[in-house]
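Here's target26.txt, which has compact mmCIF, C-alpha atoms:
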# COMPACT_ATOMS: atom_id res chain seq x y z
CA MET A 1 7.55 -27.48 -0.18
CA PRO A 2 5.78 -27.76 3.20
CA LYS A 3 3.15 -30.41 3.96
CA LEU A 4 0.77 -29.81 6.85
CA SER A 5 1.58 -33.24 8.33
CA GLU A 6 5.28 -32.34 8.39
CA VAL A 7 5.31 -28.83 9.87
CA ARG A 8 6.35 -28.60 13.54
CA VAL A 9 6.29 -25.67 15.94
CA GLY A 10 9.79 -24.32 16.46
CA ARG A 11 11.17 -25.52 13.15
CA ALA A 12 13.22 -22.92 11.27
CA ILE A 13 12.24 -21.59 7.86
CA PRO A 14 15.08 -20.77 5.48
CA GLY A 15 15.98 -17.14 4.94
CA ARG A 16 18.52 -15.30 2.84
CA SER A 17 21.12 -12.62 3.05
CA HIS A 18 20.62 -9.29 1.27
CA THR A 19 23.25 -6.62 0.59
CA PRO A 20 21.54 -3.69 -1.14
CA THR A 21 23.65 -1.56 -3.46
CA ASN A 22 23.15 1.97 -4.78
CA VAL A 23 21.76 0.39 -7.94
CA SER A 24 19.37 -2.06 -6.27
CA LEU A 25 18.05 0.63 -3.88
CA PHE A 26 17.58 3.03 -6.80
CA LEU A 27 15.64 0.44 -8.79
CA TYR A 28 13.48 -0.50 -5.78
CA ASN A 29 12.56 3.12 -5.12
CA ALA A 30 11.90 3.69 -8.82
CA ALA A 31 9.68 0.60 -8.91
CA ILE A 32 7.56 1.83 -5.97
CA TRP A 33 7.80 5.48 -7.14
CA ASN A 34 9.44 6.71 -3.94
CA PRO A 35 11.39 9.95 -4.48
CA HIS A 36 12.46 10.37 -0.81
CA ARG A 37 16.07 11.60 -0.96
CA ILE A 38 17.23 9.53 2.05
CA HIS A 39 17.37 6.52 -0.30
CA TYR A 40 19.79 7.93 -2.94
CA ASP A 41 21.20 11.36 -1.96
CA GLU A 42 23.93 10.72 0.60
CA LYS A 43 24.84 14.38 1.22
CA TYR A 44 21.20 15.32 1.86
CA THR A 45 20.64 12.20 3.97
CA THR A 46 23.57 12.82 6.32
CA GLU A 47 23.47 16.63 6.44
CA VAL A 48 19.75 17.40 6.46
CA GLU A 49 17.98 14.32 7.86
CA ARG A 50 21.10 13.38 9.86
CA HIS A 51 21.23 9.65 9.18
CA PRO A 52 24.67 8.02 9.19
CA GLY A 53 24.18 6.89 5.57
CA VAL A 54 21.73 6.23 2.77
CA VAL A 55 18.70 4.51 4.34
CA ILE A 56 17.60 1.00 3.31
CA ASP A 57 13.82 1.24 2.89
CA GLY A 58 11.78 -0.30 5.71
CA PRO A 59 9.20 -1.71 3.26
CA LEU A 60 12.02 -3.39 1.29
CA GLN A 61 12.88 -5.30 4.46
CA GLY A 62 9.15 -6.01 4.72
CA ASP A 63 9.29 -7.53 1.25
CA TRP A 64 12.23 -9.74 2.25
CA LEU A 65 10.14 -10.99 5.19
CA ALA A 66 7.26 -11.73 2.82
CA GLN A 67 9.71 -13.65 0.62
CA VAL A 68 10.73 -15.86 3.54
CA VAL A 69 7.07 -16.91 3.56
CA THR A 70 6.37 -17.13 -0.18
CA ASN A 71 9.64 -18.98 -0.95
CA TRP A 72 8.87 -21.53 1.77
CA LEU A 73 5.23 -21.85 0.72
CA GLY A 74 5.79 -22.16 -3.03
CA ASP A 75 2.57 -23.32 -4.70
CA ASP A 76 1.45 -25.32 -1.66
CA GLY A 77 -0.62 -22.71 0.14
CA SER A 78 -1.67 -19.09 0.49
CA LEU A 79 -0.45 -16.17 2.53
CA LEU A 80 -3.45 -14.83 4.48
CA GLU A 81 -2.02 -12.32 6.96
CA PHE A 82 1.34 -10.59 7.10
CA GLU A 83 2.73 -7.85 9.30
CA TYR A 84 6.09 -6.35 10.17
CA SER A 85 7.53 -3.33 11.89
CA ASN A 86 10.76 -1.46 11.26
CA ARG A 87 12.51 -1.17 14.64
CA LYS A 88 16.08 -0.19 13.77
CA ALA A 89 17.17 1.88 10.77
CA CYS A 90 19.56 0.19 8.31
CA PHE A 91 22.02 1.84 5.95
CA LEU A 92 23.66 1.20 2.61
CA GLY A 93 26.70 -1.05 3.09
CA GLN A 94 25.01 -3.34 5.63
CA THR A 95 24.26 -6.98 4.95
CA LEU A 96 20.93 -8.09 6.38
CA VAL A 97 19.74 -11.64 6.92
CA SER A 98 16.12 -12.80 6.82
CA GLY A 99 14.62 -15.92 8.33
CA GLY A 100 11.83 -17.31 10.43
CA GLU A 101 10.32 -20.20 12.34
CA ILE A 102 7.01 -21.96 12.73
CA GLU A 103 5.12 -20.56 15.68
CA SER A 104 1.77 -22.35 15.55
CA VAL A 105 0.04 -25.11 13.61
CA ASP A 106 -3.70 -25.72 13.47
CA PRO A 107 -4.23 -29.06 11.68
CA ALA A 108 -8.01 -28.58 11.52
CA SER A 109 -7.91 -25.37 9.46
CA GLY A 110 -4.51 -25.86 7.84
CA ARG A 111 -3.44 -22.51 9.28
CA VAL A 112 0.21 -22.11 10.22
CA GLY A 113 1.60 -19.11 12.10
CA LEU A 114 5.13 -17.95 11.33
CA ARG A 115 7.51 -15.65 13.16
CA LEU A 116 9.84 -13.71 10.86
CA PHE A 117 12.90 -11.54 11.24
CA VAL A 118 15.46 -9.43 9.44
CA LYS A 119 18.70 -9.17 11.45
CA ASP A 120 21.78 -7.01 10.99
CA GLU A 121 25.39 -8.17 11.24
CA ALA A 122 25.36 -7.52 14.99
CA GLY A 123 22.50 -10.03 15.28
CA ASP A 124 19.96 -7.37 16.24
CA VAL A 125 16.49 -7.81 14.77
CA THR A 126 15.90 -4.70 12.63
CA SER A 127 12.46 -5.75 11.36
CA PRO A 128 10.42 -8.37 13.16
CA GLY A 129 7.31 -9.74 11.48
CA SER A 130 4.73 -12.49 11.50
CA ALA A 131 2.48 -14.23 9.03
CA VAL A 132 -0.45 -16.62 8.87
CA VAL A 133 -0.56 -19.02 5.94
CA ARG A 134 -2.96 -21.77 4.92
CA LEU A 135 -1.39 -24.97 3.64
CA ASP A 136 -3.35 -26.83 0.97
CA MET B 1 2.59 19.07 26.47
CA SER B 2 1.06 17.41 23.44
CA LEU B 3 2.37 18.08 19.94
CA LEU B 4 -0.98 17.01 18.58
CA THR B 5 -3.32 19.96 18.23
CA PRO B 6 -7.10 19.43 17.89
CA GLU B 7 -6.60 20.43 14.21
CA ILE B 8 -4.16 17.52 13.71
CA LYS B 9 -6.36 15.10 15.66
CA SER B 10 -9.35 16.09 13.54
CA TRP B 11 -7.67 14.29 10.58
CA ILE B 12 -8.42 10.90 12.17
CA GLY B 13 -11.11 9.38 9.96
CA HIS B 14 -10.19 11.49 6.93
CA SER B 15 -10.49 9.57 3.62
CA GLU B 16 -8.78 10.24 0.29
CA PRO B 17 -10.67 9.94 -3.00
CA PRO B 18 -10.26 6.40 -4.40
CA ILE B 19 -7.36 5.81 -6.84
CA THR B 20 -7.86 3.45 -9.79
CA VAL B 21 -4.78 1.61 -11.08
CA GLU B 22 -4.28 -0.80 -13.97
CA VAL B 23 -1.76 -3.49 -13.04
CA SER B 24 0.75 -4.21 -15.82
CA ARG B 25 2.97 -7.27 -16.11
CA ARG B 26 5.99 -5.04 -16.73
CA GLU B 27 5.45 -3.17 -13.47
CA ILE B 28 5.28 -6.47 -11.57
CA VAL B 29 8.48 -7.69 -13.28
CA LYS B 30 10.34 -4.48 -12.36
CA TYR B 31 9.25 -4.82 -8.74
CA ALA B 32 10.19 -8.51 -8.68
CA VAL B 33 13.70 -7.81 -10.02
CA ALA B 34 14.32 -4.85 -7.70
CA THR B 35 13.31 -6.89 -4.63
CA GLU B 36 15.41 -9.96 -5.61
CA GLN B 37 12.45 -12.31 -5.88
CA VAL B 38 13.31 -15.91 -6.73
CA ARG B 39 9.88 -17.40 -7.57
CA GLN B 40 9.41 -17.57 -11.34
CA VAL B 41 5.71 -16.65 -11.05
CA TYR B 42 6.79 -13.20 -9.78
CA LEU B 43 9.78 -12.79 -12.11
CA ASP B 44 7.54 -13.56 -15.10
CA GLY B 45 4.92 -11.12 -13.80
CA ASP B 46 2.17 -13.76 -13.72
CA GLU B 47 1.38 -12.78 -10.13
CA ALA B 48 2.51 -9.86 -7.94
CA PRO B 49 4.50 -10.42 -4.72
CA PRO B 50 2.44 -9.62 -1.58
CA MET B 51 4.21 -6.29 -0.93
CA PHE B 52 3.81 -5.06 -4.56
CA ALA B 53 0.68 -3.09 -3.67
CA PHE B 54 2.75 -0.98 -1.25
CA GLY B 55 4.03 1.04 -4.22
CA LEU B 56 1.00 0.72 -6.44
CA PHE B 57 -1.04 3.42 -4.77
CA ARG B 58 1.72 5.87 -3.93
CA PRO B 59 0.92 9.37 -5.23
CA VAL B 60 2.34 10.43 -8.61
CA VAL B 61 2.54 14.23 -8.79
CA PRO B 62 4.35 16.70 -11.09
CA LEU B 63 8.05 17.15 -10.28
CA ASP B 64 7.62 20.76 -9.18
CA ALA B 65 5.11 19.62 -6.55
CA LEU B 66 7.73 17.48 -4.74
CA GLY B 67 9.06 18.85 -1.45
CA PRO B 68 12.70 19.52 -0.47
CA ASP B 69 12.93 15.95 0.90
CA GLY B 70 11.77 14.63 -2.48
CA LEU B 71 8.44 13.43 -1.14
CA PRO B 72 5.10 14.56 -2.56
CA PRO B 73 3.07 16.80 -0.26
CA MET B 74 0.96 14.70 2.03
CA THR B 75 -2.50 15.67 0.88
CA ALA B 76 -3.90 12.85 3.01
CA MET B 77 -2.09 14.08 6.11
CA PRO B 78 -2.17 17.07 8.41
CA GLU B 79 0.83 19.39 8.63
CA LEU B 80 2.89 17.89 11.47
CA PRO B 81 5.28 19.77 13.80
CA LEU B 82 7.89 17.01 13.19
CA LYS B 83 9.24 16.79 9.66
CA ARG B 84 11.53 13.79 9.26
CA ILE B 85 9.36 10.90 8.07
CA MET B 86 10.23 7.19 8.24
CA ALA B 87 8.32 3.97 7.58
CA GLY B 88 7.13 2.28 10.76
CA GLY B 89 5.53 -0.93 9.60
CA THR B 90 2.77 -2.57 7.65
CA ARG B 91 0.03 -5.14 8.23
CA LEU B 92 -1.58 -6.88 5.26
CA THR B 93 -4.71 -8.97 5.01
CA ILE B 94 -4.71 -10.72 1.65
CA HIS B 95 -7.93 -11.92 0.01
CA ARG B 96 -6.69 -12.74 -3.48
CA PRO B 97 -3.45 -12.38 -5.45
CA VAL B 98 -2.78 -9.36 -7.66
CA ARG B 99 -2.36 -10.29 -11.34
CA PRO B 100 -1.52 -8.35 -14.51
CA GLY B 101 -4.47 -6.87 -16.36
CA GLN B 102 -6.48 -6.26 -13.20
CA THR B 103 -8.00 -2.88 -12.50
CA LEU B 104 -7.72 -2.15 -8.78
CA VAL B 105 -9.30 0.56 -6.69
CA GLY B 106 -7.49 1.77 -3.57
CA THR B 107 -8.99 3.97 -0.88
CA ARG B 108 -6.75 5.36 1.86
CA SER B 109 -7.92 6.78 5.16
CA ILE B 110 -6.26 7.93 8.37
CA THR B 111 -7.27 5.65 11.25
CA ASP B 112 -5.08 6.98 14.08
CA ILE B 113 -2.61 9.70 15.02
CA PHE B 114 -0.75 9.43 18.33
CA GLU B 115 2.54 10.43 19.92
CA LYS B 116 5.20 8.66 21.96
CA GLU B 117 8.42 9.74 23.60
CA GLY B 118 11.30 8.07 21.76
CA ARG B 119 14.90 7.65 22.93
CA GLN B 120 15.91 10.71 20.91
CA GLY B 121 12.80 12.84 21.39
CA PRO B 122 9.12 12.90 20.56
CA LEU B 123 7.64 10.77 17.79
CA ILE B 124 4.32 11.13 16.00
CA PHE B 125 2.71 7.98 14.59
CA VAL B 126 0.25 8.31 11.71
CA VAL B 127 -1.68 5.13 10.91
CA THR B 128 -3.35 4.85 7.52
CA GLU B 129 -5.47 2.09 6.11
CA LEU B 130 -5.57 1.27 2.41
CA GLY B 131 -8.46 -0.87 1.21
CA VAL B 132 -7.95 -2.44 -2.23
CA THR B 133 -10.77 -3.96 -4.27
CA THR B 134 -11.24 -5.08 -7.87
CA ALA B 135 -13.22 -2.77 -10.16
CA ALA B 136 -16.21 -5.02 -9.41
CA GLY B 137 -15.78 -4.38 -5.68
CA GLU B 138 -14.37 -7.78 -4.64
CA PRO B 139 -11.86 -7.38 -1.77
CA VAL B 140 -8.22 -7.85 -2.78
CA MET B 141 -6.34 -6.72 0.31
CA ALA B 142 -6.28 -4.32 3.22
CA GLU B 143 -3.04 -2.63 4.23
CA THR B 144 -2.50 -0.83 7.52
CA GLN B 145 0.60 1.33 7.39
CA THR B 146 2.35 3.30 10.14
CA ARG B 147 4.50 6.31 9.37
CA ILE B 148 6.68 7.88 12.02
CA ALA B 149 7.56 11.58 12.12
CA ARG B 150 10.47 12.62 14.30
Could you write out this structure as structure tokens?
Amino acid sequence: MPKLSEVRVGRAIPGRSHTPTNVSLFLYNAAIWNPHRIHYDEKYTTEVERHPGVVIDGPLQGDWLAQVVTNWLGDDGSLLEFEYSNRKACFLGQTLVSGGEIESVDPASGRVGLRLFVKDEAGDVTSPGSAVVRLD
Amino acid sequence: MSLLTPEIKSWIGHSEPPITVEVSRREIVKYAVATEQVRQVYLDGDEAPPMFAFGLFRPVVPLDALGPDGLPPMTAMPELPLKRIMAGGTRLTIHRPVRPGQTLVGTRSITDIFEKEGRQGPLIFVVTELGVTTAAGEPVMAETQTRIAR
């Protein structure tokens, strides 16, 4: 778990790889009560809304970005600010990789700024994000 | 020529009636499993992951009120000339963690509506802000969310 005296600007924060399935996407959308058909009805998604496949929710990628922060932070601090944007649509079948790096450190306040990303297999950032945490 | 009529623009500043939600441990656990959380505090439902509140205040309406895309009618939104809706992004300011047993009050308002020319045609951005407090009025979080119609 991170200690303020040990964090350095530019250091990478571990991420993970995520490969959503029909089942995991269904459960996510059930959990957030999202009935939008682009997340489970392939025929509707491709024929009516004209996506190439079932769409991986943008906010799910947002959650993965938040997990990069909370998994790194553990019990040693608090997440104060978090933001992300969904820049490139992602579809069922893709494997996406999250990660981040330390962007700023303010020893006086204990505030640490983080830059976050979700990338696709081509290496393109699909959802960039950032966070401010306070280390205890 | 702008897609945004004065009628649409007049929705900026519009507020929805507050929604009161009781947070249950089981709902946190379901969210934690579906999002592949690894921290035990989330998987046990002792605390909610930061993005949990994204779903907490989504509208729950009768099935026959859902539109052809599956989505509930956007009571908090004007009728837009572009119909295909996607998530654009979210900004959270977190004041305290969400825990089971809490009663939370969420108030959503529209803070901006603007348009941009995208690579594949015009886009309309609708920015909403959700303020979440405890029943006693202590701030829990503020969420700014952008939805894109294309």
What are the residues of chain A that have an atom within 6 Å of an atom of chain B, counting only C-alpha atoms, as a VMD selection string?
-> chain A and resid 24 27 to 28 31 to 32 35 to 37 58 63 80 to 86
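Atom CA of Val9 of chain A to atom CA of Ser104 of chain A spans 5.6 Å [interatomic distance, one decimal].
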Mind giving me the straight-line distance from atom CA of Val127 of chain B to atom CA of Ser2 of chain B in Å, one decimal?
-> 17.8 Å
Using all atoms listed in the file, which residues sit within 9 Å of Leu4 of chain A once same-chain residues fewer than 3 positions away are excluded, as a ChimeraX atom specification?
-> /A:7-8,105-107,110-112,135-136
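Using all atoms listed in the file, the shortest contact distance between Arg11 of chain A and any of A:Gly113, A:Ala108, A:Glu103, A:Trp72 is found at A:Glu103.
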note - atom CA of Leu65 of chain A and atom CA of Ala48 of chain B are separated by 15.2 Å
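Residues in contact range of segment 6-20 of chain B, defined as at most 6 Å between only C-alpha atoms, with sequence neighbours fewer than 5 positions away removed, read Pro78, Leu104, Val105, Gly106, Thr107, Arg108, Ser109, Ile110, Thr111 and Asp112 of chain B.
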Could you please take those selected residues and save C-alpha atoms as a PDB file, keeping the file's coordinate frame?
ATOM      1  CA  PRO B  78      -2.170  17.070   8.410  1.00  0.00           C
ATOM      2  CA  LEU B 104      -7.720  -2.150  -8.780  1.00  0.00           C
ATOM      3  CA  VAL B 105      -9.300   0.560  -6.690  1.00  0.00           C
ATOM      4  CA  GLY B 106      -7.490   1.770  -3.570  1.00  0.00           C
ATOM      5  CA  THR B 107      -8.990   3.970  -0.880  1.00  0.00           C
ATOM      6  CA  ARG B 108      -6.750   5.360   1.860  1.00  0.00           C
ATOM      7  CA  SER B 109      -7.920   6.780   5.160  1.00  0.00           C
ATOM      8  CA  ILE B 110      -6.260   7.930   8.370  1.00  0.00           C
ATOM      9  CA  THR B 111      -7.270   5.650  11.250  1.00  0.00           C
ATOM     10  CA  ASP B 112      -5.080   6.980  14.080  1.00  0.00           C
TER      11      ASP B 112
END
Quick test: take chain A, keep C-alpha atoms, and write it as a CSV table (one decimal), in the first residue's frame.
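The resulting file, selection-v4.csv, is shown below:
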chain,number,residue,atom,x,y,z
A,1,MET,CA,0.0,0.0,0.0
A,2,PRO,CA,1.3,3.5,-0.9
A,3,LYS,CA,3.2,5.7,1.6
A,4,LEU,CA,3.4,9.4,0.9
A,5,SER,CA,7.2,9.3,1.4
A,6,GLU,CA,7.5,6.7,-1.3
A,7,VAL,CA,5.2,8.0,-4.1
A,8,ARG,CA,7.1,9.5,-7.1
A,9,VAL,CA,5.7,11.4,-10.1
A,10,GLY,CA,5.8,9.2,-13.2
A,11,ARG,CA,5.6,5.9,-11.3
A,12,ALA,CA,3.1,3.5,-12.7
A,13,ILE,CA,0.1,2.2,-10.8
A,14,PRO,CA,-0.9,-1.4,-11.4
A,15,GLY,CA,-4.0,-2.0,-13.6
A,16,ARG,CA,-5.8,-5.1,-14.8
A,17,SER,CA,-7.3,-6.7,-17.8
A,18,HIS,CA,-11.0,-7.0,-18.2
A,19,THR,CA,-12.9,-9.2,-20.8
A,20,PRO,CA,-16.6,-8.7,-20.3
A,21,THR,CA,-18.9,-11.5,-21.2
A,22,ASN,CA,-22.7,-11.6,-22.0
A,23,VAL,CA,-23.2,-12.7,-18.4
A,24,SER,CA,-21.0,-10.1,-16.7
A,25,LEU,CA,-22.5,-7.3,-18.9
A,26,PHE,CA,-26.0,-8.5,-18.1
A,27,LEU,CA,-25.3,-8.6,-14.3
A,28,TYR,CA,-23.7,-5.1,-14.4
A,29,ASN,CA,-26.7,-3.6,-16.2
A,30,ALA,CA,-29.1,-5.4,-13.9
A,31,ALA,CA,-27.1,-4.1,-10.9
A,32,ILE,CA,-27.3,-0.5,-12.1
A,33,TRP,CA,-30.9,-1.0,-13.4
A,34,ASN,CA,-30.0,-0.1,-17.0
A,35,PRO,CA,-32.4,-1.6,-19.5
A,36,HIS,CA,-30.8,0.0,-22.6
A,37,ARG,CA,-30.9,-2.7,-25.3
A,38,ILE,CA,-27.4,-1.9,-26.7
A,39,HIS,CA,-25.9,-3.8,-23.8
A,40,TYR,CA,-27.7,-7.2,-24.3
A,41,ASP,CA,-29.7,-7.3,-27.6
A,42,GLU,CA,-27.3,-7.8,-30.4
A,43,LYS,CA,-29.8,-7.7,-33.3
A,44,TYR,CA,-31.3,-4.4,-32.0
A,45,THR,CA,-27.8,-3.0,-31.3
A,46,THR,CA,-26.4,-3.6,-34.8
A,47,GLU,CA,-29.6,-3.1,-36.8
A,48,VAL,CA,-31.2,-0.1,-35.1
A,49,GLU,CA,-28.5,1.8,-33.3
A,50,ARG,CA,-25.9,0.6,-35.8
A,51,HIS,CA,-23.1,-0.4,-33.5
A,52,PRO,CA,-20.7,-3.2,-34.7
A,53,GLY,CA,-21.6,-5.2,-31.5
A,54,VAL,CA,-23.1,-5.2,-28.0
A,55,VAL,CA,-21.7,-2.1,-26.3
A,56,ILE,CA,-19.5,-2.3,-23.2
A,57,ASP,CA,-21.0,0.3,-20.8
A,58,GLY,CA,-18.9,3.5,-20.5
A,59,PRO,CA,-19.6,3.8,-16.8
A,60,LEU,CA,-18.3,0.2,-16.3
A,61,GLN,CA,-15.0,1.3,-17.8
A,62,GLY,CA,-15.3,4.3,-15.4
A,63,ASP,CA,-15.6,1.8,-12.5
A,64,TRP,CA,-12.5,-0.1,-13.7
A,65,LEU,CA,-10.6,3.3,-13.6
A,66,ALA,CA,-11.9,3.9,-10.0
A,67,GLN,CA,-10.7,0.4,-9.1
A,68,VAL,CA,-7.1,1.2,-10.3
A,69,VAL,CA,-7.3,3.9,-7.6
A,70,THR,CA,-9.0,2.0,-4.8
A,71,ASN,CA,-6.9,-1.1,-5.3
A,72,TRP,CA,-3.7,0.9,-5.1
A,73,LEU,CA,-4.9,3.0,-2.2
A,74,GLY,CA,-6.3,0.1,-0.1
A,75,ASP,CA,-7.0,1.4,3.5
A,76,ASP,CA,-4.2,3.9,3.3
A,77,GLY,CA,-6.1,7.0,2.1
A,78,SER,CA,-9.2,8.4,0.5
A,79,LEU,CA,-10.4,9.1,-3.0
A,80,LEU,CA,-11.4,12.8,-3.1
A,81,GLU,CA,-12.0,13.5,-6.8
A,82,PHE,CA,-12.4,11.2,-9.8
A,83,GLU,CA,-13.3,11.9,-13.4
A,84,TYR,CA,-13.3,10.0,-16.7
A,85,SER,CA,-14.6,10.4,-20.2
A,86,ASN,CA,-15.6,7.7,-22.7
A,87,ARG,CA,-13.8,8.6,-26.0
A,88,LYS,CA,-14.0,5.4,-28.0
A,89,ALA,CA,-16.9,2.9,-27.9
A,90,CYS,CA,-16.0,-0.7,-26.9
A,91,PHE,CA,-17.8,-3.9,-27.8
A,92,LEU,CA,-18.4,-7.4,-26.4
A,93,GLY,CA,-15.5,-9.6,-27.3
A,94,GLN,CA,-12.8,-7.0,-26.6
A,95,THR,CA,-10.3,-7.2,-23.8
A,96,LEU,CA,-9.6,-3.9,-22.2
A,97,VAL,CA,-6.7,-3.0,-19.9
A,98,SER,CA,-6.7,-0.5,-17.1
A,99,GLY,CA,-3.8,1.3,-15.5
A,100,GLY,CA,-2.4,4.6,-14.4
A,101,GLU,CA,0.5,6.7,-13.1
A,102,ILE,CA,1.3,9.2,-10.5
A,103,GLU,CA,1.0,12.7,-11.9
A,104,SER,CA,1.5,15.0,-8.9
A,105,VAL,CA,2.4,14.8,-5.3
A,106,ASP,CA,1.9,17.5,-2.7
A,107,PRO,CA,3.7,16.4,0.5
A,108,ALA,CA,2.2,19.2,2.6
A,109,SER,CA,-1.4,18.2,2.1
A,110,GLY,CA,-0.9,14.5,1.3
A,111,ARG,CA,-2.7,15.0,-2.0
A,112,VAL,CA,-1.6,12.8,-4.9
A,113,GLY,CA,-2.9,13.3,-8.5
A,114,LEU,CA,-3.3,10.2,-10.7
A,115,ARG,CA,-3.7,9.8,-14.4
A,116,LEU,CA,-5.8,6.8,-15.4
A,117,PHE,CA,-6.6,4.9,-18.6
A,118,VAL,CA,-8.5,2.1,-20.1
A,119,LYS,CA,-6.9,0.9,-23.4
A,120,ASP,CA,-8.1,-1.5,-26.1
A,121,GLU,CA,-6.0,-4.2,-27.7
A,122,ALA,CA,-4.8,-1.7,-30.3
A,123,GLY,CA,-3.3,0.4,-27.5
A,124,ASP,CA,-5.8,3.2,-28.0
A,125,VAL,CA,-7.1,4.9,-24.8
A,126,THR,CA,-10.8,4.3,-24.8
A,127,SER,CA,-11.5,6.0,-21.5
A,128,PRO,CA,-9.0,8.4,-20.0
A,129,GLY,CA,-9.5,9.6,-16.4
A,130,SER,CA,-7.9,11.2,-13.4
A,131,ALA,CA,-8.2,11.2,-9.7
A,132,VAL,CA,-7.0,13.1,-6.6
A,133,VAL,CA,-6.4,11.0,-3.5
A,134,ARG,CA,-5.3,11.9,0.0
A,135,LEU,CA,-2.7,9.5,1.6
A,136,ASP,CA,-3.0,9.1,5.3
